[in-house]
Structure formats: structure tokens, C-alpha cells
>>> print(open('data_2.pdb').read())   # PDB, C-alpha atoms (C1' of nucleotides)
ATOM      1  CA  MET X 862       6.698 195.290  87.284
ATOM      2  CA  GLY X 863       6.180 191.664  86.622
ATOM      3  CA  LYS X 864       6.714 189.062  83.983
ATOM      4  CA  GLN X 865       3.729 190.150  81.902
ATOM      5  CA  VAL X 866       5.325 193.458  80.956
ATOM      6  CA  THR X 867       8.643 191.794  80.316
ATOM      7  CA  GLU X 868       7.143 189.532  77.696
ATOM      8  CA  MET X 869       5.050 192.280  76.185
ATOM      9  CA  LEU X 870       8.089 194.505  75.847
ATOM     10  CA  LYS X 871       9.696 192.028  73.502
ATOM     11  CA  GLY X 872       9.452 193.656  70.141
ATOM     12  CA  THR X 873       7.977 196.886  71.456
ATOM     13  CA  LEU X 874      10.920 198.111  73.508
ATOM     14  CA  GLU X 875      12.889 198.411  70.310
ATOM     15  CA  GLY X 876      10.143 200.573  68.816
ATOM     16  CA  ILE X 877       9.963 202.652  71.970
ATOM     17  CA  VAL X 878      13.655 203.436  71.860
ATOM     18  CA  LEU X 879      13.541 204.224  68.152
ATOM     19  CA  ALA X 880      10.588 206.521  68.810
ATOM     20  CA  ILE X 881      12.546 208.302  71.526
ATOM     21  CA  LEU X 882      15.461 208.756  69.145
ATOM     22  CA  SER X 883      13.141 210.097  66.472
ATOM     23  CA  GLY X 884      12.553 213.089  68.724
ATOM     24  CA  ARG X 885      16.202 213.838  69.350
ATOM     25  CA  PRO X 886      19.539 212.074  69.727
ATOM     26  CA  ALA X 887      20.173 210.428  73.069
ATOM     27  CA  TYR X 888      22.550 208.102  74.871
ATOM     28  CA  GLY X 889      21.991 204.908  76.794
ATOM     29  CA  TYR X 890      22.093 206.124  80.348
ATOM     30  CA  GLU X 891      19.704 208.936  79.505
ATOM     31  CA  ILE X 892      17.255 206.606  77.773
ATOM     32  CA  THR X 893      17.262 204.199  80.694
ATOM     33  CA  ALA X 894      16.560 207.022  83.131
ATOM     34  CA  TRP X 895      13.737 208.335  80.971
ATOM     35  CA  LEU X 896      12.124 204.911  80.690
ATOM     36  CA  ARG X 897      12.251 204.463  84.460
ATOM     37  CA  ASP X 898      10.691 207.871  84.797
ATOM     38  CA  GLN X 899       7.845 206.822  82.547
ATOM     39  CA  GLY X 900       6.976 203.916  84.763
ATOM     40  CA  PHE X 901       9.032 201.161  83.170
ATOM     41  CA  SER X 902      10.436 200.736  86.614
ATOM     42  CA  ASP X 903      12.476 197.624  86.139
ATOM     43  CA  ILE X 904      14.024 197.897  82.748
ATOM     44  CA  ALA X 905      17.602 196.866  83.311
ATOM     45  CA  GLU X 906      20.398 199.072  82.063
ATOM     46  CA  GLY X 907      21.959 196.092  80.373
ATOM     47  CA  THR X 908      18.801 195.613  78.344
ATOM     48  CA  VAL X 909      18.958 199.106  76.905
ATOM     49  CA  TYR X 910      22.630 198.909  76.053
ATOM     50  CA  ALA X 911      22.206 195.571  74.351
ATOM     51  CA  LEU X 912      19.281 196.936  72.382
ATOM     52  CA  LEU X 913      21.263 199.984  71.281
ATOM     53  CA  ILE X 914      24.103 197.819  70.050
ATOM     54  CA  ARG X 915      21.566 195.729  68.153
ATOM     55  CA  ILE X 916      19.944 198.627  66.352
ATOM     56  CA  GLU X 917      23.363 200.050  65.597
ATOM     57  CA  GLN X 918      24.418 196.807  63.946
ATOM     58  CA  ARG X 919      21.222 196.785  61.929
ATOM     59  CA  GLY X 920      22.067 200.233  60.665
ATOM     60  CA  PHE X 921      19.121 202.133  62.116
ATOM     61  CA  VAL X 922      21.185 204.687  64.019
ATOM     62  CA  ASP X 923      24.329 206.753  63.701
ATOM     63  CA  VAL X 924      26.655 206.917  66.678
ATOM     64  CA  GLU X 925      28.878 209.664  67.980
ATOM     65  CA  LYS X 926      31.145 209.616  71.003
ATOM     66  CA  VAL X 927      30.735 212.734  73.074
ATOM     67  CA  PRO X 928      32.813 213.519  76.178
ATOM     68  CA  SER X 929      30.834 213.887  79.388
ATOM     69  CA  GLU X 930      31.453 216.343  82.194
ATOM     70  CA  LYS X 931      30.945 213.533  84.636
ATOM     71  CA  GLY X 932      32.072 210.037  83.896
ATOM     72  CA  PRO X 933      33.134 208.200  80.757
ATOM     73  CA  PRO X 934      32.268 209.423  77.247
ATOM     74  CA  ARG X 935      28.697 209.071  76.045
ATOM     75  CA  LYS X 936      27.653 207.167  72.975
ATOM     76  CA  VAL X 937      25.040 209.422  71.462
ATOM     77  CA  TYR X 938      22.663 207.695  69.053
ATOM     78  CA  SER X 939      20.629 209.426  66.364
ATOM     79  CA  LEU X 940      18.044 207.886  64.087
ATOM     80  CA  ASN X 941      19.029 207.797  60.424
ATOM     81  CA  ALA X 942      16.919 207.404  57.286
ATOM     82  CA  GLN X 943      16.855 203.633  57.482
ATOM     83  CA  GLY X 944      15.858 203.821  61.108
ATOM     84  CA  ARG X 945      12.987 206.170  60.334
ATOM     85  CA  GLU X 946      11.737 203.801  57.700
ATOM     86  CA  TYR X 947      11.864 200.926  60.148
ATOM     87  CA  LEU X 948      10.116 203.015  62.784
ATOM     88  CA  GLU X 949       7.248 203.705  60.410
ATOM     89  CA  GLU X 950       6.925 199.983  59.813
ATOM     90  CA  PHE X 951       6.919 199.500  63.554
ATOM     91  CA  TRP X 952       4.023 201.927  63.928
ATOM     92  CA  ARG X 953       2.048 200.114  61.239
ATOM     93  CA  THR X 954       2.594 196.810  62.991
ATOM     94  CA  TRP X 955       1.717 198.331  66.327
ATOM     95  CA  SER X 956      -1.502 199.841  64.945
ATOM     96  CA  PHE X 957      -2.540 196.517  63.511
ATOM     97  CA  LEU X 958      -2.062 194.822  66.859
ATOM     98  CA  ALA X 959      -3.591 197.623  68.922
ATOM     99  CA  GLU X 960      -6.721 197.743  66.787
ATOM    100  CA  ARG X 961      -7.341 194.036  67.142
ATOM    101  CA  LEU X 962      -6.710 194.168  70.863
ATOM    102  CA  GLU X 963      -9.140 197.041  71.310
ATOM    103  CA  GLN X 964     -11.799 195.163  69.387
ATOM    104  CA  LEU X 965     -11.273 192.135  71.572
ATOM    105  CA  ARG X 966     -11.518 194.204  74.701
ATOM    106  CA  LYS X 967     -14.828 195.613  73.540
ATOM    107  CA  GLY X 968     -16.421 192.228  73.730
ATOM    108  CA  GLY X 969     -15.767 191.219  70.164
ATOM    109  CA  ARG X 970     -14.724 187.658  69.640
TER     110      ARG X 970
ATOM    111  CA  MET S 428       3.660 189.126  58.152
ATOM    112  CA  GLY S 429       7.201 189.550  59.205
ATOM    113  CA  LYS S 430       9.427 189.267  62.177
ATOM    114  CA  GLN S 431       8.201 192.486  63.776
ATOM    115  CA  VAL S 432       4.778 191.030  64.509
ATOM    116  CA  THR S 433       6.282 187.805  65.730
ATOM    117  CA  GLU S 434       8.283 189.582  68.386
ATOM    118  CA  MET S 435       5.445 191.882  69.322
ATOM    119  CA  LEU S 436       3.118 188.940  69.792
ATOM    120  CA  LYS S 437       5.269 187.622  72.591
ATOM    121  CA  GLY S 438       3.232 188.203  75.673
ATOM    122  CA  THR S 439       0.223 189.556  73.809
ATOM    123  CA  LEU S 440      -0.796 186.411  71.977
ATOM    124  CA  GLU S 441      -1.493 184.832  75.315
ATOM    125  CA  GLY S 442      -3.780 187.716  76.216
ATOM    126  CA  ILE S 443      -5.470 187.536  72.845
ATOM    127  CA  VAL S 444      -6.309 183.883  73.287
ATOM    128  CA  LEU S 445      -7.534 184.421  76.826
ATOM    129  CA  ALA S 446      -9.709 187.274  75.566
ATOM    130  CA  ILE S 447     -11.172 185.007  72.911
ATOM    131  CA  LEU S 448     -11.921 182.387  75.527
ATOM    132  CA  SER S 449     -13.569 184.978  77.750
ATOM    133  CA  GLY S 450     -16.270 185.290  75.094
ATOM    134  CA  ARG S 451     -16.969 181.601  74.795
ATOM    135  CA  PRO S 452     -15.198 178.242  75.025
ATOM    136  CA  ALA S 453     -13.174 177.222  71.982
ATOM    137  CA  TYR S 454     -10.677 174.662  70.758
ATOM    138  CA  GLY S 455      -7.268 175.027  69.163
ATOM    139  CA  TYR S 456      -8.061 174.524  65.522
ATOM    140  CA  GLU S 457     -10.940 176.969  65.764
ATOM    141  CA  ILE S 458      -8.826 179.617  67.467
ATOM    142  CA  THR S 459      -6.091 179.299  64.872
ATOM    143  CA  ALA S 460      -8.604 179.697  62.069
ATOM    144  CA  TRP S 461     -10.149 182.724  63.735
ATOM    145  CA  LEU S 462      -6.769 184.388  64.209
ATOM    146  CA  ARG S 463      -5.872 183.849  60.570
ATOM    147  CA  ASP S 464      -9.207 185.347  59.667
ATOM    148  CA  GLN S 465      -8.389 188.436  61.688
ATOM    149  CA  GLY S 466      -5.224 189.070  59.741
ATOM    150  CA  PHE S 467      -2.715 187.190  61.862
ATOM    151  CA  SER S 468      -1.875 185.429  58.676
ATOM    152  CA  ASP S 469       1.158 183.503  59.768
ATOM    153  CA  ILE S 470       0.476 182.363  63.262
ATOM    154  CA  ALA S 471       1.545 178.754  63.216
ATOM    155  CA  GLU S 472      -0.840 176.117  64.449
ATOM    156  CA  GLY S 473       1.883 174.731  66.637
ATOM    157  CA  THR S 474       2.165 178.074  68.374
ATOM    158  CA  VAL S 475      -1.475 178.110  69.398
ATOM    159  CA  TYR S 476      -1.462 174.555  70.676
ATOM    160  CA  ALA S 477       1.676 175.154  72.703
ATOM    161  CA  LEU S 478       0.117 178.264  74.186
ATOM    162  CA  LEU S 479      -3.056 176.390  75.107
ATOM    163  CA  ILE S 480      -1.063 173.737  76.912
ATOM    164  CA  ARG S 481       0.814 176.477  78.750
ATOM    165  CA  ILE S 482      -2.273 178.282  79.998
ATOM    166  CA  GLU S 483      -3.801 174.961  80.946
ATOM    167  CA  GLN S 484      -0.777 174.122  83.086
ATOM    168  CA  ARG S 485      -0.988 177.517  84.726
ATOM    169  CA  GLY S 486      -4.568 176.787  85.648
ATOM    170  CA  PHE S 487      -6.251 179.552  83.666
ATOM    171  CA  VAL S 488      -8.567 177.272  81.723
ATOM    172  CA  ASP S 489     -10.711 174.187  82.140
ATOM    173  CA  VAL S 490     -10.532 171.545  79.456
ATOM    174  CA  GLU S 491     -13.136 169.188  78.093
ATOM    175  CA  LYS S 492     -12.749 166.586  75.377
ATOM    176  CA  VAL S 493     -15.603 166.750  72.917
ATOM    177  CA  PRO S 494     -16.059 164.337  70.007
ATOM    178  CA  SER S 495     -16.028 165.957  66.577
ATOM    179  CA  GLU S 496     -18.182 165.042  63.604
ATOM    180  CA  LYS S 497     -15.086 165.221  61.479
ATOM    181  CA  GLY S 498     -11.721 164.155  62.756
ATOM    182  CA  PRO S 499     -10.269 163.450  66.159
ATOM    183  CA  PRO S 500     -11.851 164.734  69.376
ATOM    184  CA  ARG S 501     -11.575 168.416  70.194
ATOM    185  CA  LYS S 502     -10.030 169.813  73.330
ATOM    186  CA  VAL S 503     -12.432 172.579  74.259
ATOM    187  CA  TYR S 504     -10.961 175.222  76.558
ATOM    188  CA  SER S 505     -12.981 177.550  78.760
ATOM    189  CA  LEU S 506     -11.702 180.396  80.906
ATOM    190  CA  ASN S 507     -12.070 179.830  84.644
ATOM    191  CA  ALA S 508     -12.025 182.304  87.541
ATOM    192  CA  GLN S 509      -8.259 182.342  87.806
ATOM    193  CA  GLY S 510      -8.011 182.902  84.088
ATOM    194  CA  ARG S 511     -10.388 185.852  84.239
ATOM    195  CA  GLU S 512      -8.319 187.402  86.968
ATOM    196  CA  TYR S 513      -5.176 186.980  84.923
ATOM    197  CA  LEU S 514      -6.911 188.413  81.876
ATOM    198  CA  GLU S 515      -7.812 191.538  83.810
ATOM    199  CA  GLU S 516      -4.193 191.915  84.812
ATOM    200  CA  PHE S 517      -3.284 191.480  81.184
ATOM    201  CA  TRP S 518      -5.585 194.347  80.189
ATOM    202  CA  ARG S 519      -4.044 196.585  82.819
ATOM    203  CA  THR S 520      -0.561 195.824  81.543
ATOM    204  CA  TRP S 521      -1.664 196.319  77.971
ATOM    205  CA  SER S 522      -3.249 199.679  78.790
ATOM    206  CA  PHE S 523      -0.102 200.842  80.489
ATOM    207  CA  LEU S 524       1.960 199.975  77.441
ATOM    208  CA  ALA S 525      -0.546 201.262  74.906
ATOM    209  CA  GLU S 526      -0.860 204.624  76.628
ATOM    210  CA  ARG S 527       2.868 205.188  76.637
ATOM    211  CA  LEU S 528       3.157 204.103  73.024
ATOM    212  CA  GLU S 529       0.396 206.480  71.960
ATOM    213  CA  GLN S 530       2.074 209.335  73.783
ATOM    214  CA  LEU S 531       5.334 208.562  72.043
ATOM    215  CA  ARG S 532       3.633 208.420  68.689
ATOM    216  CA  LYS S 533       2.181 211.870  69.272
ATOM    217  CA  GLY S 534       5.629 213.336  69.334
ATOM    218  CA  GLY S 535       6.069 213.310  73.090
ATOM    219  CA  ARG S 536       9.434 212.244  74.351
TER     220      ARG S 536
ATOM    221  C1'  DA A 238      -6.897 152.503  48.419
ATOM    222  C1'  DC A 239      -6.189 157.295  48.251
ATOM    223  C1'  DC A 240      -6.868 162.135  49.168
ATOM    224  C1'  DA A 241      -8.510 166.248  51.589
ATOM    225  C1'  DC A 242      -9.925 168.240  55.641
ATOM    226  C1'  DT A 243     -10.148 168.268  60.559
ATOM    227  C1'  DA A 244      -7.451 168.193  64.917
ATOM    228  C1'  DT A 245      -3.548 167.729  68.081
ATOM    229  C1'  DT A 246       1.453 167.173  69.471
ATOM    230  C1'  DC A 247       6.409 167.816  69.768
ATOM    231  C1'  DA A 248      11.561 168.437  69.092
ATOM    232  C1'  DG A 249      14.630 171.935  67.696
ATOM    233  C1'  DT A 250      15.707 177.010  66.624
ATOM    234  C1'  DG A 251      15.999 182.182  66.971
ATOM    235  C1'  DT A 252      15.024 186.420  69.196
ATOM    236  C1'  DT A 253      14.523 189.170  73.044
ATOM    237  C1'  DA A 254      14.608 190.928  77.868
ATOM    238  C1'  DC A 255      16.525 189.953  82.519
ATOM    239  C1'  DT A 256      20.187 188.894  86.061
ATOM    240  C1'  DA A 257      24.378 189.823  87.721
ATOM    241  C1'  DT A 258      28.575 191.442  87.370
ATOM    242  C1'  DG A 259      32.597 194.097  85.784
ATOM    243  C1'  DT A 260      34.948 198.133  83.950
ATOM    244  C1'  DA A 261      35.919 203.005  83.959
ATOM    245  C1'  DC A 262      35.769 208.145  84.658
ATOM    246  C1'  DC A 263      35.040 212.042  87.737
ATOM    247  C1'  DA A 264      33.945 214.976  92.054
ATOM    248  C1'  DG A 265      33.580 215.570  96.836
ATOM    249  C1'  DT A 266      35.075 214.368 101.398
ATOM    250  C1'  DA A 267      37.306 212.443 105.461
TER     251       DA A 267
ATOM    252  C1'  DT N   6      45.492 209.217 100.054
ATOM    253  C1'  DA N   7      41.497 206.461 100.193
ATOM    254  C1'  DC N   8      36.696 206.082  99.934
ATOM    255  C1'  DT N   9      32.170 206.888  98.313
ATOM    256  C1'  DG N  10      28.617 207.934  94.996
ATOM    257  C1'  DG N  11      26.939 209.216  90.658
ATOM    258  C1'  DT N  12      27.737 208.767  85.709
ATOM    259  C1'  DA N  13      28.280 205.657  81.680
ATOM    260  C1'  DC N  14      28.971 201.426  79.083
ATOM    261  C1'  DA N  15      29.545 196.235  78.298
ATOM    262  C1'  DT N  16      28.785 191.217  78.577
ATOM    263  C1'  DA N  17      28.156 186.181  79.782
ATOM    264  C1'  DG N  18      24.503 183.237  81.078
ATOM    265  C1'  DT N  19      19.362 182.339  81.642
ATOM    266  C1'  DA N  20      14.251 182.206  80.812
ATOM    267  C1'  DA N  21      10.261 182.806  78.027
ATOM    268  C1'  DC N  22       7.946 182.682  73.882
ATOM    269  C1'  DA N  23       6.739 182.206  68.893
ATOM    270  C1'  DC N  24       8.245 179.739  64.717
ATOM    271  C1'  DT N  25       9.675 175.692  61.686
ATOM    272  C1'  DG N  26       8.740 171.371  60.264
ATOM    273  C1'  DA N  27       7.228 167.176  60.874
ATOM    274  C1'  DA N  28       4.433 163.411  62.751
ATOM    275  C1'  DT N  29       0.060 161.267  64.212
ATOM    276  C1'  DA N  30      -4.839 160.310  63.777
ATOM    277  C1'  DG N  31      -9.868 160.346  62.649
ATOM    278  C1'  DT N  32     -13.535 161.051  59.074
ATOM    279  C1'  DG N  33     -15.806 161.367  54.505
ATOM    280  C1'  DG N  34     -15.767 161.306  49.480
ATOM    281  C1'  DT N  35     -13.858 159.543  45.040
TER     282       DT N  35
END
>>> encode(input="data_2.pdb", output="C-alpha cells")
Amino acid sequence: MGKQVTEMLKGTLEGIVLAILSGRPAYGYEITAWLRDQGFSDIAEGTVYALLIRIEQRGFVDVEKVPSEKGPPRKVYSLNAQGREYLEEFWRTWSFLAERLEQLRKGGR
Amino acid sequence: MGKQVTEMLKGTLEGIVLAILSGRPAYGYEITAWLRDQGFSDIAEGTVYALLIRIEQRGFVDVEKVPSEKGPPRKVYSLNAQGREYLEEFWRTWSFLAERLEQLRKGGR
DNA sequence: ACCACTATTCAGTGTTACTATGTACCAGTA
DNA sequence: TACTGGTACATAGTAACACTGAATAGTGGT
């Protein structure tokens, strides 16, 4: 999609994935497919997996290995209490930024 | 303000500054002060100056040195045609991201 | 002479997403 | 048996960007 999105995703992709997990548990391959479906056409698989490992190490998610009918076992991630707290902080930060951007767009300086 | 904002600003700060310049020409010190005023409390001066040099090298702005009543001369930046084009692309990218984020926030997965 | 404010610059660091590749498991088919 | 394709995860190296911290420099007031 271009470099602009790539840079903008820094910081927000993490929130996006946490938001997805707040709805229901999911695993990497599934998340990647969903993102592509939503128009994030060139998010690399490696990016998602790296991100998942990161949020696991920070303690935002619980992990469970679940056997798959097709292929190797899935690592299913679910948001825990700490993750929900962090997600709420993410939304506050996002709101702050989005409000200022909208003001700027509407001709404000 | 925390690391979350810092990461989220990657890619958007550039758009913010371009949007500011689309209103009227401005110089670094002024932009930094304005940002701090808007609640971006810990955007480093160095960050803004580096960004200005970057967008200058990409050809998005025209630069003019203007003597200041107090202190060294100002480098006044104004958005040129190429910059306006890039800014529009920025808004499209931002909209794309913002829409998906809002959907996610409203419980959609 | 010294300090505060204005104004710009730059070297070094950390974080994050991308590229590219490798590993591995399973089902269908020639 | 060997091959292909879809599923699923991992990782080393790279690029981009914002931050830290410091340096430089001009002006006015004490």
C-alpha cells in the first residue's frame, strides 16, 4: 500500500491486534488473513508474528497451543486483564491524536 | 506523554506538520511551540527540526531565511504544490486507518 | 559580563514494520 | 513415492522515524 501506511502503522498495529483479541481469542495466521481482508493488503506475516511475540512478552496476552486439523499447531492468543488495561490506554492515546488530526483537517491551524 | 504516543506519531507527525504549513508558512521554533500548546507536550525540538529538513529534501516545502528581531534568522517553510499533493495522499491514508480503527472500537472484528 | 529567551543543528539510541527466507505439518494427486 | 499447495510459525537483517542530549549562535536586559 505504500510507505505512508507502513510508518503510520507503527504504534497503531499493536492496538489493532489487541482490539481484535478483545473481541475473541485468535491466532497469528488468522489475524494476518483478517487484516489483509480489511484492506491492509501488504502486512507481512512476519510482522504479525513478531508483534504477537512482543505483546506476549509484555504480558498482555495468554497463550494456548491448540492442534489444527490442517498444518502445525496454532498458538491461540487471548487478551488478559493487563492487556485490556493497555488497550484502554491505547484508545485514549488514539482519541487524542485523532481529535487533533480532525481539527487540523478542518482548516484549523 | 508516554511511549505510546511516540510510536503512534511515526508517520503522522509528518502529516501534522504539513497540515500546519498548508494553513500558512511557519518556522521550526514556532511549530514546536504550537504543538506543545496543542497537548503534544513532549515533542522534542530536535524532532521537529529533523522532520523539516526531511520534508525539505523531499521537495515538499520551499524555504526562506528571514531575519528575526530576537535571535538568529528563521527558516520559514511554506508548502509547495508537491507538498500539497503529498498532504492529500496523507489524508487519504489517515482516513483509511481511522475508519478501520473506529470500526474496531465499535466492537466490530 | 552574565543570563534568559529565541532559533537551529546533529550524533547516537530505541522501537517498529518490512524483506526474505526457513521450518514444519497435512491432504490430495500423479 | 514424490510433488504440490495450503496451513502455521519463526527469525536475521534492514529502513524509517521520533527521542535524548548536547552544542552553537544571536539578541536584549540586568
>>> residues_around(input="data_2.pdb", residues="segment 937-940 of chain X", least_positions_apart="2", cutoff="9 Å", atoms="only C-alpha atoms (C1' of nucleotides)", output="JSON, numbers by chain")
{"X": [879, 880, 882, 883, 884, 885, 886, 887, 888, 889, 913, 917, 921, 922, 923, 924, 925, 926, 927, 935, 942, 943, 944, 945]}
>>> interface_residues(input="data_2.pdb", of="chain N", to="chain X", cutoff="8 Å", atoms="all atoms listed in the file", output="PDB file with C-alpha atoms (C1' of nucleotides), in the frame of the given file")
ATOM      1  C1'  DT N  12      27.737 208.767  85.709  1.00  0.00           C
ATOM      2  C1'  DA N  13      28.280 205.657  81.680  1.00  0.00           C
ATOM      3  C1'  DC N  14      28.971 201.426  79.083  1.00  0.00           C
ATOM      4  C1'  DA N  15      29.545 196.235  78.298  1.00  0.00           C
ATOM      5  C1'  DA N  21      10.261 182.806  78.027  1.00  0.00           C
ATOM      6  C1'  DC N  22       7.946 182.682  73.882  1.00  0.00           C
TER       7       DC N  22
END
>>> closest_residue(input="data_2.pdb", among="S:Ile447, S:Leu531, S:Met435, S:Ile470", to="chain A", atoms="all atoms listed in the file")
S:Met435
>>> interface_residues(input="data_2.pdb", of="chain X", to="chain S", cutoff="12 Å", atoms="all atoms listed in the file", output="PyMOL selection string")
chain X and resi 862-887+891-892+895-896+898-901+947-970
>>> resolve_selection(input="data_2.pdb", expression="the PyMOL selection byres ((chain A and resi 239) around 12)", output="ChimeraX atom specification")
/A:238,240-241 /N:34-35
>>> resolve_selection(input="data_2.pdb", expression="the PyMOL selection byres ((chain A) within 9 of (chain X))", output="list of chain:residue names")
A:DT252, A:DT253, A:DA254, A:DC255, A:DT256, A:DA261, A:DC262, A:DC263, A:DA264
>>> atom_distance(input="data_2.pdb", atom1="atom C1' of DT6 of chain N", atom2="atom C1' of DT258 of chain A")
27.6 Å
>>> atom_distance(input="data_2.pdb", atom1="atom C1' of DT243 of chain A", atom2="atom CA of Thr459 of chain S")
12.5 Å
>>> atom_distance(input="data_2.pdb", atom1="atom CA of Pro494 of chain S", atom2="atom C1' of DT29 of chain N")
17.4 Å
>>> residues_around(input="data_2.pdb", residues="segment 26-28 of chain N", least_positions_apart="3", cutoff="10 Å", atoms="all atoms listed in the file", output="JSON list (two decimals) with C-alpha atoms (C1' of nucleotides), keeping the file's coordinate frame")
[["chain", "number", "residue", "atom", "x", "y", "z"],
["S", 473, "GLY", "CA", 1.88, 174.73, 66.64],
["A", 246, "DT", "C1'", 1.45, 167.17, 69.47],
["A", 247, "DC", "C1'", 6.41, 167.82, 69.77],
["A", 248, "DA", "C1'", 11.56, 168.44, 69.09],
["A", 249, "DG", "C1'", 14.63, 171.94, 67.70]]
